[in-house]
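Q: Below is the structure I would like to discuss, written out as structure tokens.
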Amino acid sequence: MSFFRYFVRRLLLVIPILLGITVVAFIIANAIPADPINANLPPNALNDEETIAAFRKKWGLDKPLHEQYLTYLGNLLQGDMGTSIKTRKPVADDISSRLPATIELATLGLVYGTTLGVSMGLISAVWKNSLADYVARVIALIGISFPVFLIALIFLNVFYAQLGIAAGPGRLHPIMRAPPTVTGMFTIDALLNGDWKTFGNALSHLILPALTLALYISAIISRITRSSLLEVLNQDYMRTARAKGLRERYVIGFHGMRNSLIPIVTVIGLSYGNLLVGSILIERIFAYPGIGFYMFRASTSQDFPAIMGVSLLFAFIYVGVNFVVDILYFFLDPRIRIA
């Protein structure tokens, strides 16, 4: 099978999934037992029928649900995600201004988590039932068992409040200015402008929240790496490679890890989606102005356009990550290319 055919087949499967997501997200957003009128109008306007009617008409709340959905879908296809009731700005603009911060945080968390997780899984598999294996498995168990928000609070209290060796909440120190916007990610923008001081400050504010996210996903990646590599180490071709006199490092690194990559890549891809989507609590705790923080504020104010926009974004992220993982399978698994 050619790469082009494989790519097109996977892409065609994505389209109906995305359409179904818009339907489900719209139904769920409108099924929430809350009234945006009570959340967004001042108390003295709640008894004014004309004000309420004008509010409903302005935000399209006076139309039947199917008309609201078709209007929303038509606007969405044109890149219009609506206007936020809370900020009075286009939802697409709000998301585009906050999403780079979340991508920056999630990417660093993924780098930390993948490095730690693959390393622990490799050690556990190679030195099975040794002290190193038991220690790595205990660390993985702790990482999975502890709630992420509790780890965040412990890190913030110990390393920032008590020891003072880590930067506190926010993206930058209050006295520092953000670098000129190029990508929206402060570390990259600072590097592009040659501002090493701002780069160091932005990176220091990323360390604690990124480590908090990394601990959880590293535990999952570690367990998958261990089980996948243990299965590969017992295969006949591994014994054959050793019998040829190849070094153990080469046998494990090239033959072992290469043939155990598919489940590892799958988990890493899904973990990245989880980091992008599941950073709401972390961003709230660390006062990090990303998309999760925006979603929290939208939820508390019943800002339906913003809730819909972020929900669709989260769903699209998951679909996009799975699509990329599917494409990587073509290069990692020769059986797909031969099929």
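Chain labels run A, B, ... following the order of the structure tokens; each chain numbers its residues from 1, and ligands are numbered from 1 in the order shown.
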Counting only C-alpha atoms, which residues in range 179-235 of chain A sit no more than 7 Å from range 100-118 of chain A? For each one, give the nearest pair of atoms and the distance in Å, sorted by chain then residue number, as a Markdown table.

A:
```
| residue | atom | partner | partner_atom | distance |
| --- | --- | --- | --- | --- |
| A:Gly184 | CA | A:Pro100 | CA | 5.2 |
| A:Met185 | CA | A:Pro100 | CA | 5.4 |
| A:Leu206 | CA | A:Leu105 | CA | 6.4 |
| A:Ala210 | CA | A:Gly109 | CA | 4.2 |
| A:Leu211 | CA | A:Gly109 | CA | 6.1 |
| A:Leu213 | CA | A:Gly109 | CA | 5.6 |
| A:Ala214 | CA | A:Gly113 | CA | 4.1 |
| A:Leu215 | CA | A:Gly113 | CA | 6.3 |
| A:Ile217 | CA | A:Gly113 | CA | 5.7 |
| A:Ser218 | CA | A:Gly117 | CA | 4.0 |
| A:Ala219 | CA | A:Gly117 | CA | 6.0 |
| A:Ile221 | CA | A:Gly117 | CA | 5.0 |
| A:Ser222 | CA | A:Gly117 | CA | 4.2 |
| A:Thr225 | CA | A:Val118 | CA | 6.1 |
```

Q: Could those residues be written to a file, using N, CA, C and O atoms, as a JSON list (two decimals), in the first residue's frame?

A:
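Output below, filename selection_9.json:
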```json
[["chain", "number", "residue", "atom", "x", "y", "z"],
["A", 184, "GLY", "N", 3.49, 32.96, 20.08],
["A", 184, "GLY", "CA", 2.64, 32.96, 21.27],
["A", 184, "GLY", "C", 3.23, 32.17, 22.41],
["A", 184, "GLY", "O", 2.74, 32.23, 23.54],
["A", 185, "MET", "N", 4.29, 31.41, 22.15],
["A", 185, "MET", "CA", 4.99, 30.65, 23.19],
["A", 185, "MET", "C", 6.18, 31.48, 23.66],
["A", 185, "MET", "O", 7.09, 31.77, 22.86],
["A", 206, "LEU", "N", 7.68, 27.34, 33.79],
["A", 206, "LEU", "CA", 7.10, 26.14, 33.20],
["A", 206, "LEU", "C", 7.48, 24.87, 33.94],
["A", 206, "LEU", "O", 6.79, 23.85, 33.81],
["A", 210, "ALA", "N", 4.92, 21.67, 34.37],
["A", 210, "ALA", "CA", 5.30, 20.63, 33.40],
["A", 210, "ALA", "C", 5.69, 19.34, 34.11],
["A", 210, "ALA", "O", 5.33, 18.24, 33.67],
["A", 211, "LEU", "N", 6.42, 19.45, 35.22],
["A", 211, "LEU", "CA", 6.79, 18.25, 35.99],
["A", 211, "LEU", "C", 5.55, 17.58, 36.58],
["A", 211, "LEU", "O", 5.49, 16.35, 36.67],
["A", 213, "LEU", "N", 2.54, 17.51, 35.29],
["A", 213, "LEU", "CA", 1.92, 16.74, 34.21],
["A", 213, "LEU", "C", 2.77, 15.54, 33.82],
["A", 213, "LEU", "O", 2.24, 14.47, 33.49],
["A", 214, "ALA", "N", 4.10, 15.70, 33.87],
["A", 214, "ALA", "CA", 5.00, 14.64, 33.43],
["A", 214, "ALA", "C", 4.95, 13.43, 34.33],
["A", 214, "ALA", "O", 5.08, 12.29, 33.87],
["A", 215, "LEU", "N", 4.77, 13.65, 35.64],
["A", 215, "LEU", "CA", 4.78, 12.52, 36.57],
["A", 215, "LEU", "C", 3.68, 11.53, 36.26],
["A", 215, "LEU", "O", 3.87, 10.31, 36.33],
["A", 217, "ILE", "N", 1.96, 11.05, 33.25],
["A", 217, "ILE", "CA", 2.09, 10.33, 31.98],
["A", 217, "ILE", "C", 3.33, 9.46, 31.96],
["A", 217, "ILE", "O", 3.36, 8.43, 31.26],
["A", 218, "SER", "N", 4.38, 9.82, 32.72],
["A", 218, "SER", "CA", 5.58, 8.99, 32.75],
["A", 218, "SER", "C", 5.28, 7.62, 33.36],
["A", 218, "SER", "O", 5.86, 6.61, 32.96],
["A", 219, "ALA", "N", 4.36, 7.60, 34.33],
["A", 219, "ALA", "CA", 3.98, 6.32, 34.93],
["A", 219, "ALA", "C", 3.31, 5.41, 33.91],
["A", 219, "ALA", "O", 3.61, 4.21, 33.83],
["A", 221, "ILE", "N", 3.57, 5.64, 30.54],
["A", 221, "ILE", "CA", 4.54, 5.29, 29.50],
["A", 221, "ILE", "C", 5.51, 4.25, 30.01],
["A", 221, "ILE", "O", 5.90, 3.32, 29.28],
["A", 222, "SER", "N", 5.91, 4.34, 31.27],
["A", 222, "SER", "CA", 6.84, 3.38, 31.86],
["A", 222, "SER", "C", 6.26, 1.98, 31.86],
["A", 222, "SER", "O", 6.93, 1.00, 31.49],
["A", 225, "THR", "N", 6.03, 0.68, 28.23],
["A", 225, "THR", "CA", 7.37, 0.38, 27.71],
["A", 225, "THR", "C", 7.90, -0.92, 28.29],
["A", 225, "THR", "O", 8.47, -1.75, 27.57]]
```

Q: May I have all residues of range 131-245 of chain A that DSSP, computed from the backbone, assigns to alpha helix (DSSP H), given as number ranges by chain?

A: A: 131-145, 148-155, 186-192, 196-233, 236-243

Q: Just to be explicit: take each residue in the selection above, keep C-alpha atoms, and write the result as a JSON list (two decimals), in the first residue's frame.

A:
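Output (selection_6.json):
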```
[["chain", "number", "residue", "atom", "x", "y", "z"],
["A", 131, "LEU", "CA", 16.04, -3.60, 42.78],
["A", 132, "ALA", "CA", 16.00, -1.06, 39.94],
["A", 133, "ASP", "CA", 12.91, -2.75, 38.49],
["A", 134, "TYR", "CA", 11.07, -2.61, 41.82],
["A", 135, "VAL", "CA", 11.99, 1.06, 42.37],
["A", 136, "ALA", "CA", 10.83, 2.04, 38.88],
["A", 137, "ARG", "CA", 7.55, 0.16, 39.32],
["A", 138, "VAL", "CA", 6.91, 1.80, 42.69],
["A", 139, "ILE", "CA", 7.54, 5.26, 41.18],
["A", 140, "ALA", "CA", 5.14, 4.43, 38.34],
["A", 141, "LEU", "CA", 2.52, 3.22, 40.81],
["A", 142, "ILE", "CA", 2.80, 6.43, 42.84],
["A", 143, "GLY", "CA", 2.57, 8.54, 39.70],
["A", 144, "ILE", "CA", -0.66, 6.84, 38.62],
["A", 145, "SER", "CA", -2.24, 6.72, 42.09],
["A", 148, "VAL", "CA", -2.56, 15.40, 39.63],
["A", 149, "PHE", "CA", -3.97, 18.42, 41.48],
["A", 150, "LEU", "CA", -2.54, 17.10, 44.77],
["A", 151, "ILE", "CA", 0.92, 16.75, 43.23],
["A", 152, "ALA", "CA", 0.60, 20.31, 41.90],
["A", 153, "LEU", "CA", -0.29, 21.69, 45.33],
["A", 154, "ILE", "CA", 2.58, 19.79, 46.98],
["A", 155, "PHE", "CA", 5.09, 21.05, 44.40],
["A", 186, "PHE", "CA", 7.15, 32.80, 25.44],
["A", 187, "THR", "CA", 10.23, 30.54, 25.42],
["A", 188, "ILE", "CA", 10.37, 30.30, 21.63],
["A", 189, "ASP", "CA", 9.52, 33.97, 21.09],
["A", 190, "ALA", "CA", 12.25, 34.98, 23.55],
["A", 191, "LEU", "CA", 14.78, 32.80, 21.72],
["A", 192, "LEU", "CA", 13.76, 34.25, 18.35],
["A", 196, "TRP", "CA", 17.90, 35.05, 27.12],
["A", 197, "LYS", "CA", 16.70, 36.64, 30.35],
["A", 198, "THR", "CA", 13.05, 36.37, 29.37],
["A", 199, "PHE", "CA", 13.65, 32.86, 28.05],
["A", 200, "GLY", "CA", 15.11, 31.73, 31.37],
["A", 201, "ASN", "CA", 12.29, 33.33, 33.35],
["A", 202, "ALA", "CA", 9.57, 31.82, 31.13],
["A", 203, "LEU", "CA", 11.22, 28.40, 31.30],
["A", 204, "SER", "CA", 11.50, 28.56, 35.09],
["A", 205, "HIS", "CA", 7.75, 29.21, 35.35],
["A", 206, "LEU", "CA", 7.10, 26.14, 33.20],
["A", 207, "ILE", "CA", 9.12, 23.68, 35.26],
["A", 208, "LEU", "CA", 6.71, 22.97, 38.13],
["A", 209, "PRO", "CA", 3.48, 22.63, 36.10],
["A", 210, "ALA", "CA", 5.30, 20.63, 33.40],
["A", 211, "LEU", "CA", 6.79, 18.25, 35.99],
["A", 212, "THR", "CA", 3.36, 17.82, 37.55],
["A", 213, "LEU", "CA", 1.92, 16.74, 34.21],
["A", 214, "ALA", "CA", 5.00, 14.64, 33.43],
["A", 215, "LEU", "CA", 4.78, 12.52, 36.57],
["A", 216, "TYR", "CA", 1.39, 11.13, 35.63],
["A", 217, "ILE", "CA", 2.09, 10.33, 31.98],
["A", 218, "SER", "CA", 5.58, 8.99, 32.75],
["A", 219, "ALA", "CA", 3.98, 6.32, 34.93],
["A", 220, "ILE", "CA", 1.74, 5.17, 32.08],
["A", 221, "ILE", "CA", 4.54, 5.29, 29.50],
["A", 222, "SER", "CA", 6.84, 3.38, 31.86],
["A", 223, "ARG", "CA", 4.39, 0.52, 32.32],
["A", 224, "ILE", "CA", 3.66, 0.23, 28.60],
["A", 225, "THR", "CA", 7.37, 0.38, 27.71],
["A", 226, "ARG", "CA", 8.19, -2.33, 30.23],
["A", 227, "SER", "CA", 5.48, -4.75, 29.12],
["A", 228, "SER", "CA", 6.10, -4.14, 25.40],
["A", 229, "LEU", "CA", 9.87, -4.54, 25.68],
["A", 230, "LEU", "CA", 9.59, -7.67, 27.85],
["A", 231, "GLU", "CA", 7.46, -9.27, 25.15],
["A", 232, "VAL", "CA", 10.03, -8.41, 22.48],
["A", 233, "LEU", "CA", 13.07, -9.53, 24.49],
["A", 236, "ASP", "CA", 13.60, -15.66, 18.55],
["A", 237, "TYR", "CA", 15.19, -12.87, 16.52],
["A", 238, "MET", "CA", 16.56, -11.34, 19.72],
["A", 239, "ARG", "CA", 18.33, -14.59, 20.61],
["A", 240, "THR", "CA", 19.60, -14.80, 17.03],
["A", 241, "ALA", "CA", 21.03, -11.30, 17.24],
["A", 242, "ARG", "CA", 22.86, -12.19, 20.44],
["A", 243, "ALA", "CA", 24.12, -15.42, 18.89]]
```

Q: Just give me the gap between CA of Asp93 in chain A and CA of Asp80 in chain A in Å, one decimal is fine.

A: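 Going from CA of Asp93 in chain A over to CA of Asp80 in chain A, I get 9.8 Å.
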
Q: If I take CA of Arg249 in chain A and CA of Leu122 in chain A, how far is one from the other in Å, to one decimal?

A: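 Here the two named atoms are 11.5 Å from each other.
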
Q: Work out how far CA of Val325 in chain A is from CA of Asp94 in chain A, in Å to one decimal.

A: 28.3 Å

Q: May I ask which of the residues A:Phe330, A:Tyr318, A:Phe304, A:Trp127 is the closest one to Gly82 in chain A, counting only C-alpha atoms?

A: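 For Gly82 in chain A, the nearest of the given residues is A:Phe304.
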
Q: Residues near Leu156 in chain A, anyone? I mean within 9 Å using only C-alpha atoms, not counting same-chain ones fewer than 5 positions away, as a list in words.

A: Ile151, Ala161, Gln162, Ala166, Ala167, Gly168, Pro169, Leu208, Pro209, Ile285 and Phe286 of chain A
